[in-house]
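Coordinates from query_28.tsv are shown below (TSV, C-alpha atoms and all ligand atoms).
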chain	number	residue	atom	x	y	z
A	228	MET	CA	-19.20	6.46	10.81
A	229	ILE	CA	-15.63	5.42	9.94
A	230	ASP	CA	-16.02	1.78	10.94
A	231	SER	CA	-19.37	1.16	9.31
A	232	LEU	CA	-18.79	2.72	5.88
A	233	PRO	CA	-17.42	0.61	3.01
A	234	LYS	CA	-14.00	1.61	1.71
A	235	ALA	CA	-11.18	0.53	-0.61
A	236	GLU	CA	-7.54	0.17	0.39
A	237	LEU	CA	-5.02	1.08	-2.31
A	238	HIS	CA	-1.67	1.20	-0.54
A	239	LEU	CA	-0.94	-1.94	1.40
A	240	HIS	CA	2.21	-4.07	1.36
A	241	ILE	CA	1.15	-7.62	2.12
A	242	GLU	CA	4.53	-8.28	3.79
A	243	GLY	CA	3.72	-5.34	6.07
A	244	THR	CA	0.71	-7.15	7.50
A	245	LEU	CA	2.89	-9.82	9.14
A	246	GLU	CA	1.82	-9.64	12.79
A	247	PRO	CA	4.44	-10.65	15.39
A	248	GLU	CA	2.31	-13.64	16.48
A	249	LEU	CA	2.24	-15.00	12.91
A	250	MET	CA	5.95	-14.23	12.54
A	251	PHE	CA	6.66	-16.47	15.53
A	252	SER	CA	4.41	-19.29	14.40
A	253	LEU	CA	5.87	-19.27	10.86
A	254	ALA	CA	9.41	-19.18	12.28
A	255	GLU	CA	8.59	-22.28	14.30
A	256	ARG	CA	6.86	-24.03	11.38
A	257	ASN	CA	9.88	-23.35	9.13
A	258	GLN	CA	12.54	-23.83	11.82
A	259	ILE	CA	13.95	-20.35	11.46
A	260	SER	CA	15.48	-18.60	14.45
A	261	LEU	CA	14.38	-15.03	15.11
A	262	PRO	CA	16.46	-12.31	16.77
A	263	TYR	CA	13.57	-11.77	19.25
A	264	LYS	CA	12.53	-13.79	22.32
A	265	SER	CA	8.89	-12.71	22.52
A	266	VAL	CA	6.09	-10.85	20.78
A	267	ASP	CA	6.64	-7.98	23.23
A	268	GLU	CA	10.29	-7.79	22.27
A	269	VAL	CA	9.33	-7.61	18.59
A	270	LYS	CA	6.88	-4.80	19.27
A	271	LYS	CA	9.53	-2.90	21.23
A	272	ALA	CA	11.89	-3.13	18.24
A	273	TYR	CA	9.35	-1.25	16.09
A	274	GLN	CA	10.74	2.21	16.81
A	275	PHE	CA	11.83	3.89	13.60
A	276	SER	CA	13.66	7.11	12.85
A	277	ASN	CA	13.17	7.09	9.07
A	278	LEU	CA	12.19	4.85	6.16
A	279	GLN	CA	15.47	2.91	6.06
A	280	SER	CA	15.42	2.05	9.77
A	281	PHE	CA	12.01	0.47	9.17
A	282	LEU	CA	12.96	-1.33	5.96
A	283	ASP	CA	15.90	-3.10	7.64
A	284	ILE	CA	13.57	-4.69	10.21
A	285	TYR	CA	10.78	-5.28	7.69
A	286	TYR	CA	12.97	-7.25	5.26
A	287	ALA	CA	14.38	-9.31	8.16
A	288	GLY	CA	10.83	-10.18	9.29
A	289	ALA	CA	9.84	-11.33	5.79
A	290	GLN	CA	12.40	-14.16	5.98
A	291	VAL	CA	9.92	-16.36	7.87
A	292	LEU	CA	7.76	-16.52	4.72
A	293	GLN	CA	8.86	-19.66	2.90
A	294	THR	CA	6.00	-21.73	1.52
A	295	GLU	CA	2.85	-21.12	-0.51
A	296	GLN	CA	0.87	-21.86	2.67
A	297	ASP	CA	2.79	-19.11	4.52
A	298	PHE	CA	1.84	-16.54	1.88
A	299	TYR	CA	-1.73	-17.82	1.96
A	300	ASP	CA	-1.95	-17.51	5.75
A	301	LEU	CA	-0.43	-14.01	5.67
A	302	THR	CA	-2.90	-12.82	3.06
A	303	TRP	CA	-5.89	-14.52	4.65
A	304	ALA	CA	-5.15	-12.87	8.01
A	305	TYR	CA	-5.13	-9.49	6.27
A	306	LEU	CA	-8.43	-10.23	4.51
A	307	GLU	CA	-10.06	-11.10	7.82
A	308	ARG	CA	-8.95	-7.67	9.07
A	309	CYS	CA	-10.43	-6.13	5.91
A	310	LYS	CA	-13.77	-7.74	6.73
A	311	LYS	CA	-13.67	-6.24	10.24
A	312	ASP	CA	-12.78	-2.79	8.90
A	313	ASN	CA	-15.36	-2.84	6.10
A	314	VAL	CA	-12.71	-2.83	3.36
A	315	VAL	CA	-14.71	-4.16	0.41
A	316	HIS	CA	-11.97	-3.81	-2.21
A	317	THR	CA	-8.19	-3.95	-1.81
A	318	GLU	CA	-5.24	-3.53	-4.18
A	319	ILE	CA	-2.23	-5.10	-2.53
A	320	PHE	CA	1.47	-4.72	-3.21
A	321	PHE	CA	3.94	-7.54	-2.99
A	322	ASP	CA	7.73	-7.40	-3.34
A	323	PRO	CA	8.86	-10.50	-5.30
A	324	GLN	CA	12.57	-9.66	-5.01
A	325	THR	CA	12.43	-9.81	-1.20
A	326	HIS	CA	11.62	-13.49	-1.65
A	327	THR	CA	13.27	-14.59	-4.90
A	328	ASP	CA	16.62	-13.17	-3.74
A	329	ARG	CA	16.60	-15.66	-0.84
A	330	GLY	CA	15.59	-18.62	-2.98
A	331	VAL	CA	11.80	-18.58	-2.68
A	332	GLN	CA	10.37	-18.95	-6.17
A	333	PHE	CA	8.11	-16.32	-7.69
A	334	GLY	CA	5.27	-18.81	-8.18
A	335	ILE	CA	5.29	-19.84	-4.50
A	336	VAL	CA	4.76	-16.22	-3.48
A	337	PHE	CA	2.20	-15.32	-6.13
A	338	GLU	CA	0.09	-18.48	-5.91
A	339	GLY	CA	-0.10	-18.32	-2.12
A	340	ILE	CA	-1.25	-14.69	-2.15
A	341	ASP	CA	-3.64	-15.19	-5.05
A	342	ALA	CA	-5.27	-18.31	-3.59
A	343	ALA	CA	-6.16	-16.36	-0.45
A	344	LEU	CA	-7.48	-13.44	-2.51
A	345	GLN	CA	-9.70	-15.83	-4.50
A	346	ASP	CA	-11.06	-17.31	-1.27
A	347	GLY	CA	-11.56	-13.77	0.01
A	348	ARG	CA	-13.76	-13.05	-2.98
A	349	LYS	CA	-15.82	-16.22	-2.48
A	350	GLN	CA	-16.04	-16.39	1.30
A	351	LEU	CA	-15.81	-12.75	2.40
A	352	GLY	CA	-17.09	-10.88	-0.66
A	353	ILE	CA	-13.92	-8.77	-0.87
A	354	SER	CA	-12.69	-7.88	-4.36
A	355	SER	CA	-8.98	-7.40	-4.95
A	356	HIS	CA	-6.10	-6.74	-7.33
A	357	ILE	CA	-2.39	-7.53	-7.10
A	358	ILE	CA	0.37	-4.99	-7.85
A	359	MET	CA	3.95	-6.25	-8.23
A	360	CYS	CA	6.52	-3.81	-6.85
A	361	PHE	CA	10.17	-3.47	-7.82
A	362	LEU	CA	12.65	-2.68	-5.05
A	363	ARG	CA	14.25	0.64	-5.97
A	364	HIS	CA	17.40	0.06	-3.88
A	365	LEU	CA	18.22	-2.81	-6.28
A	366	SER	CA	19.41	-2.30	-9.86
A	367	ALA	CA	17.34	-1.56	-12.95
A	368	GLU	CA	18.67	-4.86	-14.40
A	369	ALA	CA	17.33	-6.77	-11.39
A	370	ALA	CA	13.90	-5.19	-11.95
A	371	LEU	CA	14.04	-6.22	-15.64
A	372	ASP	CA	14.97	-9.78	-14.63
A	373	THR	CA	12.05	-9.89	-12.22
A	374	PHE	CA	9.75	-8.57	-14.93
A	375	GLU	CA	10.88	-11.43	-17.21
A	376	ILE	CA	10.37	-14.20	-14.67
A	377	SER	CA	6.95	-12.80	-13.74
A	378	LYS	CA	5.59	-13.02	-17.31
A	379	PRO	CA	3.45	-16.15	-16.75
A	380	TRP	CA	1.53	-14.24	-14.05
A	381	HIS	CA	1.05	-10.88	-15.78
A	382	GLN	CA	-2.55	-11.67	-16.71
A	383	ARG	CA	-3.35	-12.08	-13.05
A	384	MET	CA	-1.92	-8.78	-11.81
A	385	VAL	CA	-3.33	-5.32	-12.42
A	386	GLY	CA	-0.11	-3.36	-12.42
A	387	VAL	CA	3.42	-2.70	-11.25
A	388	GLY	CA	4.74	-0.37	-8.55
A	389	LEU	CA	7.98	0.89	-7.08
A	390	ASP	CA	8.93	0.87	-3.40
A	391	SER	CA	11.77	0.59	-0.84
A	392	SER	CA	14.51	3.17	-0.10
A	393	GLU	CA	13.50	6.33	-1.93
A	394	LEU	CA	16.34	8.83	-1.47
A	395	GLY	CA	19.08	8.35	-4.07
A	396	HIS	CA	16.85	6.12	-6.22
A	397	PRO	CA	14.78	8.41	-8.47
A	398	PRO	CA	11.97	6.98	-10.61
A	399	GLU	CA	13.96	7.51	-13.85
A	400	LYS	CA	16.15	4.56	-12.85
A	401	PHE	CA	13.20	2.33	-13.74
A	402	THR	CA	11.87	3.92	-16.94
A	403	GLU	CA	12.71	0.89	-19.11
A	404	VAL	CA	10.97	-1.73	-16.98
A	405	PHE	CA	7.91	0.50	-16.54
A	406	ASP	CA	7.76	1.01	-20.34
A	407	LYS	CA	7.76	-2.77	-20.75
A	408	ALA	CA	5.08	-3.17	-18.09
A	409	ARG	CA	2.78	-0.69	-19.84
A	410	GLN	CA	3.40	-2.41	-23.18
A	411	ALA	CA	2.29	-5.63	-21.49
A	412	GLY	CA	-0.99	-3.96	-20.51
A	413	LEU	CA	-0.13	-3.37	-16.86
A	414	LYS	CA	-1.01	-0.17	-15.04
A	415	THR	CA	1.70	1.75	-13.18
A	416	VAL	CA	1.97	3.33	-9.74
A	417	ALA	CA	5.04	4.35	-7.72
A	418	HIS	CA	6.04	5.49	-4.26
A	419	ALA	CA	7.24	9.08	-4.63
A	420	GLY	CA	7.47	12.12	-2.40
A	421	GLU	CA	7.37	10.12	0.84
A	422	GLU	CA	10.91	11.06	1.90
A	423	GLY	CA	12.07	12.08	-1.56
A	424	PRO	CA	11.54	15.54	-3.08
A	425	ALA	CA	8.71	16.81	-5.29
A	426	ASP	CA	11.00	16.22	-8.29
A	427	TYR	CA	10.63	12.47	-7.73
A	428	ILE	CA	6.86	12.88	-8.10
A	429	TRP	CA	7.44	14.62	-11.44
A	430	GLY	CA	9.72	11.70	-12.37
A	431	ALA	CA	7.02	9.17	-11.50
A	432	LEU	CA	4.49	11.09	-13.62
A	433	ASN	CA	6.65	11.91	-16.64
A	434	GLU	CA	8.90	8.86	-16.83
A	435	LEU	CA	6.86	6.07	-15.26
A	436	LYS	CA	3.47	7.48	-16.38
A	437	VAL	CA	1.85	6.51	-13.11
A	438	PHE	CA	-1.92	6.46	-12.67
A	439	ARG	CA	-1.53	7.29	-8.97
A	440	VAL	CA	1.26	8.36	-6.64
A	441	ASP	CA	1.91	6.38	-3.45
A	442	HIS	CA	2.37	8.80	-0.51
A	443	GLY	CA	3.18	11.98	-2.48
A	444	VAL	CA	2.93	14.12	0.65
A	445	ARG	CA	5.87	16.30	-0.40
A	446	CYS	CA	3.93	17.53	-3.46
A	447	LEU	CA	2.90	20.62	-1.50
A	448	GLU	CA	6.47	21.90	-1.87
A	449	ASP	CA	5.82	22.56	-5.58
A	450	GLU	CA	2.75	24.63	-6.46
A	451	SER	CA	2.90	23.79	-10.19
A	452	LEU	CA	3.00	20.09	-9.30
A	453	VAL	CA	-0.10	20.45	-7.12
A	454	GLN	CA	-1.86	22.16	-10.00
A	455	TYR	CA	-0.88	19.34	-12.35
A	456	LEU	CA	-2.06	16.65	-9.92
A	457	VAL	CA	-5.40	18.40	-9.40
A	458	GLU	CA	-5.99	19.09	-13.10
A	459	ASN	CA	-5.14	15.55	-14.12
A	460	LYS	CA	-6.99	13.99	-11.18
A	461	ILE	CA	-3.94	11.96	-10.14
A	462	PRO	CA	-4.78	10.23	-6.84
A	463	LEU	CA	-2.39	10.16	-3.88
A	464	THR	CA	-2.45	7.14	-1.59
A	465	VAL	CA	-1.60	8.71	1.76
A	466	CYS	CA	-0.72	6.64	4.84
A	467	PRO	CA	-1.08	8.79	7.97
A	468	LEU	CA	0.19	6.42	10.68
A	469	SER	CA	3.11	5.34	8.49
A	470	ASN	CA	4.14	8.98	8.05
A	471	ILE	CA	4.18	9.52	11.81
A	472	LYS	CA	6.02	6.25	12.58
A	473	LEU	CA	8.69	7.03	9.95
A	474	CYS	CA	9.02	10.63	11.15
A	475	VAL	CA	7.86	12.24	7.89
A	476	PHE	CA	5.71	14.40	10.22
A	477	SER	CA	6.40	14.69	13.92
A	478	ARG	CA	2.77	14.33	15.01
A	479	MET	CA	-0.64	13.81	13.41
A	480	SER	CA	-1.72	17.40	14.00
A	481	GLU	CA	1.14	18.39	11.67
A	482	HIS	CA	0.20	16.01	8.87
A	483	ASN	CA	-0.63	17.83	5.60
A	484	LEU	CA	-3.54	15.56	4.57
A	485	LYS	CA	-6.15	18.26	5.26
A	486	GLN	CA	-4.16	20.87	3.33
A	487	MET	CA	-3.93	18.47	0.41
A	488	LEU	CA	-7.70	17.96	0.43
A	489	ASP	CA	-8.27	21.70	0.66
A	490	LYS	CA	-6.20	22.17	-2.49
A	491	GLY	CA	-8.53	19.80	-4.33
A	492	LEU	CA	-6.19	16.81	-4.50
A	493	CYS	CA	-7.68	13.31	-4.73
A	494	VAL	CA	-6.35	11.95	-1.43
A	495	THR	CA	-7.04	8.46	-0.08
A	496	VAL	CA	-6.28	6.98	3.36
A	497	ASN	CA	-4.39	3.69	3.62
A	498	SER	CA	-2.40	1.62	6.10
A	499	ASP	CA	0.88	0.85	4.21
A	500	ASP	CA	2.42	-1.69	6.65
A	501	PRO	CA	-0.20	-1.94	9.40
A	502	SER	CA	1.59	-4.50	11.56
A	503	TYR	CA	4.64	-2.24	11.83
A	504	PHE	CA	2.92	1.15	12.07
A	505	GLY	CA	0.33	0.50	14.75
A	506	GLY	CA	-2.90	0.16	12.88
A	507	TYR	CA	-5.05	-0.99	9.99
A	508	ILE	CA	-7.12	1.29	7.76
A	509	ASN	CA	-9.79	2.28	10.27
A	510	ASP	CA	-7.08	3.13	12.81
A	511	ASN	CA	-5.59	5.42	10.17
A	512	PHE	CA	-8.94	7.11	9.60
A	513	HIS	CA	-9.50	7.55	13.34
A	514	ALA	CA	-6.00	8.91	13.94
A	515	ALA	CA	-6.30	11.39	11.07
A	516	GLN	CA	-9.80	12.42	12.14
A	517	GLN	CA	-8.66	13.09	15.70
A	518	GLY	CA	-5.33	14.71	14.87
A	519	LEU	CA	-6.70	16.96	12.14
A	520	GLY	CA	-10.31	17.44	13.23
A	521	LEU	CA	-11.80	15.96	10.04
A	522	ASP	CA	-15.60	16.14	9.84
A	523	ASN	CA	-17.90	13.36	8.61
A	524	GLN	CA	-18.26	14.90	5.16
A	525	THR	CA	-14.45	14.77	4.75
A	526	ILE	CA	-14.30	11.15	5.90
A	527	TYR	CA	-17.01	10.32	3.36
A	528	GLN	CA	-15.08	12.19	0.62
A	529	LEU	CA	-11.92	10.19	1.44
A	530	MET	CA	-13.87	6.96	1.08
A	531	ARG	CA	-15.43	8.08	-2.23
A	532	ASN	CA	-11.90	8.93	-3.41
A	533	SER	CA	-10.73	5.41	-2.57
A	534	PHE	CA	-13.18	3.89	-5.07
A	535	ASN	CA	-12.60	6.57	-7.69
A	536	ALA	CA	-8.82	6.09	-7.44
A	537	SER	CA	-9.02	2.29	-7.68
A	538	PHE	CA	-8.46	0.03	-10.69
A	539	LEU	CA	-12.00	-1.32	-10.38
A	540	GLU	CA	-14.00	-1.70	-13.58
A	541	ASP	CA	-16.58	1.05	-13.92
A	542	VAL	CA	-19.61	-1.16	-13.22
A	543	HIS	CA	-18.11	-2.35	-9.94
A	544	ARG	CA	-16.91	1.11	-9.00
A	545	SER	CA	-20.45	2.45	-9.49
A	546	GLU	CA	-21.94	-0.32	-7.37
A	547	TYR	CA	-19.55	0.36	-4.49
A	548	LEU	CA	-20.09	4.12	-4.71
A	549	ALA	CA	-23.87	3.66	-4.68
A	550	ARG	CA	-23.58	1.44	-1.59
A	551	LEU	CA	-21.36	4.00	0.15
A	552	ASP	CA	-23.66	6.91	-0.77
A	553	ARG	CA	-26.72	5.07	0.51
A	554	LEU	CA	-25.11	4.13	3.83
A	555	TYR	CA	-23.70	7.62	4.35
A	556	LYS	CA	-27.16	9.13	3.80
A	557	GLU	CA	-28.72	6.68	6.26
A	558	LEU	CA	-26.10	7.41	8.91
A	559	SER	CA	-26.37	11.17	8.39
A	560	ASN	CA	-30.16	11.05	8.91
A	561	ASP	CA	-29.89	9.13	12.21
A	601	LIG	N1	6.35	3.10	3.27
A	601	LIG	C1	7.14	2.46	2.41
A	601	LIG	N2	7.93	3.18	1.58
A	601	LIG	C2	8.74	2.56	0.72
A	601	LIG	N3	8.84	1.24	0.62
A	601	LIG	C3	8.06	0.49	1.42
A	601	LIG	N4	7.96	-0.84	1.52
A	601	LIG	C4	7.05	-1.09	2.48
A	601	LIG	N5	6.59	0.04	3.00
A	601	LIG	C5	7.20	1.06	2.34
A	602	ZN	ZN	4.19	1.88	0.91
Could you quickly redo this structure as structure tokens?
Amino acid sequence: MIDSLPKAELHLHIEGTLEPELMFSLAERNQISLPYKSVDEVKKAYQFSNLQSFLDIYYAGAQVLQTEQDFYDLTWAYLERCKKDNVVHTEIFFDPQTHTDRGVQFGIVFEGIDAALQDGRKQLGISSHIIMCFLRHLSAEAALDTFEISKPWHQRMVGVGLDSSELGHPPEKFTEVFDKARQAGLKTVAHAGEEGPADYIWGALNELKVFRVDHGVRCLEDESLVQYLVENKIPLTVCPLSNIKLCVFSRMSEHNLKQMLDKGLCVTVNSDDPSYFGGYINDNFHAAQQGLGLDNQTIYQLMRNSFNASFLEDVHRSEYLARLDRLYKELSND
């Protein structure tokens, strides 16, 4: 059921799809030395105690990405995984500052990613959008600078987001750049309520005017917030394996995804940084299904939510939903 149904992925950092094997081959191609001797050693290093312990390793890994071809190869490898997992539409995040701050130009990053996405449309039939994220541990001025240099590419991205170290960096820090992004016709999303409190989710809604909240699992701590999210149909892009790996929940059976669904929230399942967290989107569905005892109807609902929460145009959304509905009916009758 999980593997064969079409789905959309809405919370995926392209830098988080860098598999250790590709990390080694790019390091060799670009003559960069890595602090690891083997793929096994890399995998062993992926033990995290919180978000920051992950981010330190994740930003170090991204250093092997240097050329347009590197960004193309990274993105293409992810799209091939999408094909395997029946992801028919994906909205990917990228973090320009991770690259521009070490001298890799914005255009190198964007063009490499976008060329692969265009080929993905033609050769694999996968539709996609790009969301540019600002790093919240950096200053508001740095985000504004990035917004300025990214202007030539605004037409080719669907929106802006906010990621990186959450605690101590509330959404309000980025109100100005998000205002500018909306004025430029870009949609807005933000990570909030992953490690940070429910107040940060309010901040993302009221100050950044987000269309969806990335993670948002701490919303259950504030009943009036839950009510607001339900009434306004604000989607939450939840990432089950990520939450376990980063110790947001100690085990899958304790994840609050089912409670969120029971409250009527529009929850979606996503992989976040699959190479670092032990699985792509179908692995996330399987882990959540097993840990929480989700039935087929709930899995189907999560997949419907993924299309409804996407930035797809209505005609395309309807086509994907019709395809999903038809396949679900066929599978249910077998
Ligand atoms: N889960 C996550 N939270 C915040 N920033 C991120 N950047 C990549 N993955 C992230
Ligand atoms: Zn994320």
Surroundings of ligand ZN 602 (chain A) up to 8 Å, based on only C-alpha atoms and all ligand atoms, as a PDB file with C-alpha atoms, in the frame of the given file:
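Saved as result_13.pdb:
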ATOM      1  CA  HIS A 238      -1.670   1.200  -0.540  1.00  0.00           C
ATOM      2  CA  LEU A 239      -0.940  -1.940   1.400  1.00  0.00           C
ATOM      3  CA  HIS A 240       2.210  -4.070   1.360  1.00  0.00           C
ATOM      4  CA  ASP A 390       8.930   0.870  -3.400  1.00  0.00           C
ATOM      5  CA  SER A 391      11.770   0.590  -0.840  1.00  0.00           C
ATOM      6  CA  HIS A 418       6.040   5.490  -4.260  1.00  0.00           C
ATOM      7  CA  ASP A 441       1.910   6.380  -3.450  1.00  0.00           C
ATOM      8  CA  HIS A 442       2.370   8.800  -0.510  1.00  0.00           C
ATOM      9  CA  CYS A 466      -0.720   6.640   4.840  1.00  0.00           C
ATOM     10  CA  ASP A 499       0.880   0.850   4.210  1.00  0.00           C
ATOM     11  CA  ASP A 500       2.420  -1.690   6.650  1.00  0.00           C
TER      12      ASP A 500
END
May I ask for the distance between CA of Lys414 in chain A and CA of Val385 in chain A, given in Å to one decimal place?
6.2 Å
Give as number ranges by chain the residues surrounding ligand LIG 601 (chain A) up to a distance of 10 Å, considering all atoms listed in the file.
A: 238-243, 277-279, 281-282, 285-286, 320-322, 360-364, 389-393, 417-422, 441-442, 465-466, 469-470, 472-473, 498-501, 503-504
From A:Lys311, A:Arg478, A:His381, A:Lys271, residue lying nearest Leu519 in chain A [only C-alpha atoms]:
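Selected residue with least distance to Leu519 in chain A: A:Arg478.
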Counting all atoms listed in the file, the option among A:Arg383, A:Glu540, A:Val291, A:Ala370 closest to Pro323 in chain A
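Among A:Arg383, A:Glu540, A:Val291, A:Ala370, it is A:Ala370 that comes nearest to Pro323 in chain A.
From CA of Pro462 in chain A back to CA of Arg439 in chain A, the distance works out to 4.9 Å.
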Using all atoms listed in the file, pick whichever of A:Phe251, A:Phe538, A:Tyr427, A:Tyr455 has the shortest atom-to-atom distance to Lys490 in chain A.
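Closest candidate: A:Tyr455.
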Measuring atom to atom with only C-alpha atoms, identify which of A:Pro379, A:Pro233, A:Gly430, A:Pro424 is nearest to Thr317 in chain A.
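Counting only C-alpha atoms, the residue closest to Thr317 in chain A is A:Pro233.
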I want to know what sits within 10 Å of range 544-550 of chain A, based on all atoms listed in the file, with residues of the same chain fewer than 6 positions away left out; could you give that as a VMD selection string?
chain A and resid 232 to 235 315 to 316 530 to 538
Just to confirm, what's the straight-line distance from CA of Ser260 in chain A to CA of Ile319 in chain A in Å (one decimal)?
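Answer for the CA of Ser260 in chain A to CA of Ile319 in chain A separation: 28.0 Å.
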Taking into account only C-alpha atoms, which residue in the set A:Cys309, A:Asp510, A:Val444, A:Glu450 is nearest to His482 in chain A?
A:Val444
Would you kindly identify which residues have an atom no farther than 10 Å from (-23.2, 8.8, 10.9), using all atoms listed in the file and the file's own coordinates, and write them out as a ChimeraX atom specification?
/A:228-229,231-232,523-524,527,554-561
How about saving the chosen residues, C-alpha atoms kept, as a compact mmCIF listing (two decimals), in the frame of the given file?
# COMPACT_ATOMS: atom_id res chain seq x y z
CA MET A 228 -19.20 6.46 10.81
CA ILE A 229 -15.63 5.42 9.94
CA SER A 231 -19.37 1.16 9.31
CA LEU A 232 -18.79 2.72 5.88
CA ASN A 523 -17.90 13.36 8.61
CA GLN A 524 -18.26 14.90 5.16
CA TYR A 527 -17.01 10.32 3.36
CA LEU A 554 -25.11 4.13 3.83
CA TYR A 555 -23.70 7.62 4.35
CA LYS A 556 -27.16 9.13 3.80
CA GLU A 557 -28.72 6.68 6.26
CA LEU A 558 -26.10 7.41 8.91
CA SER A 559 -26.37 11.17 8.39
CA ASN A 560 -30.16 11.05 8.91
CA ASP A 561 -29.89 9.13 12.21
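Candidate residues A:Tyr263, A:Trp303, A:Phe275, A:Phe298 were compared for distance to Arg348 in chain A, and the nearest is A:Trp303, using all atoms listed in the file.
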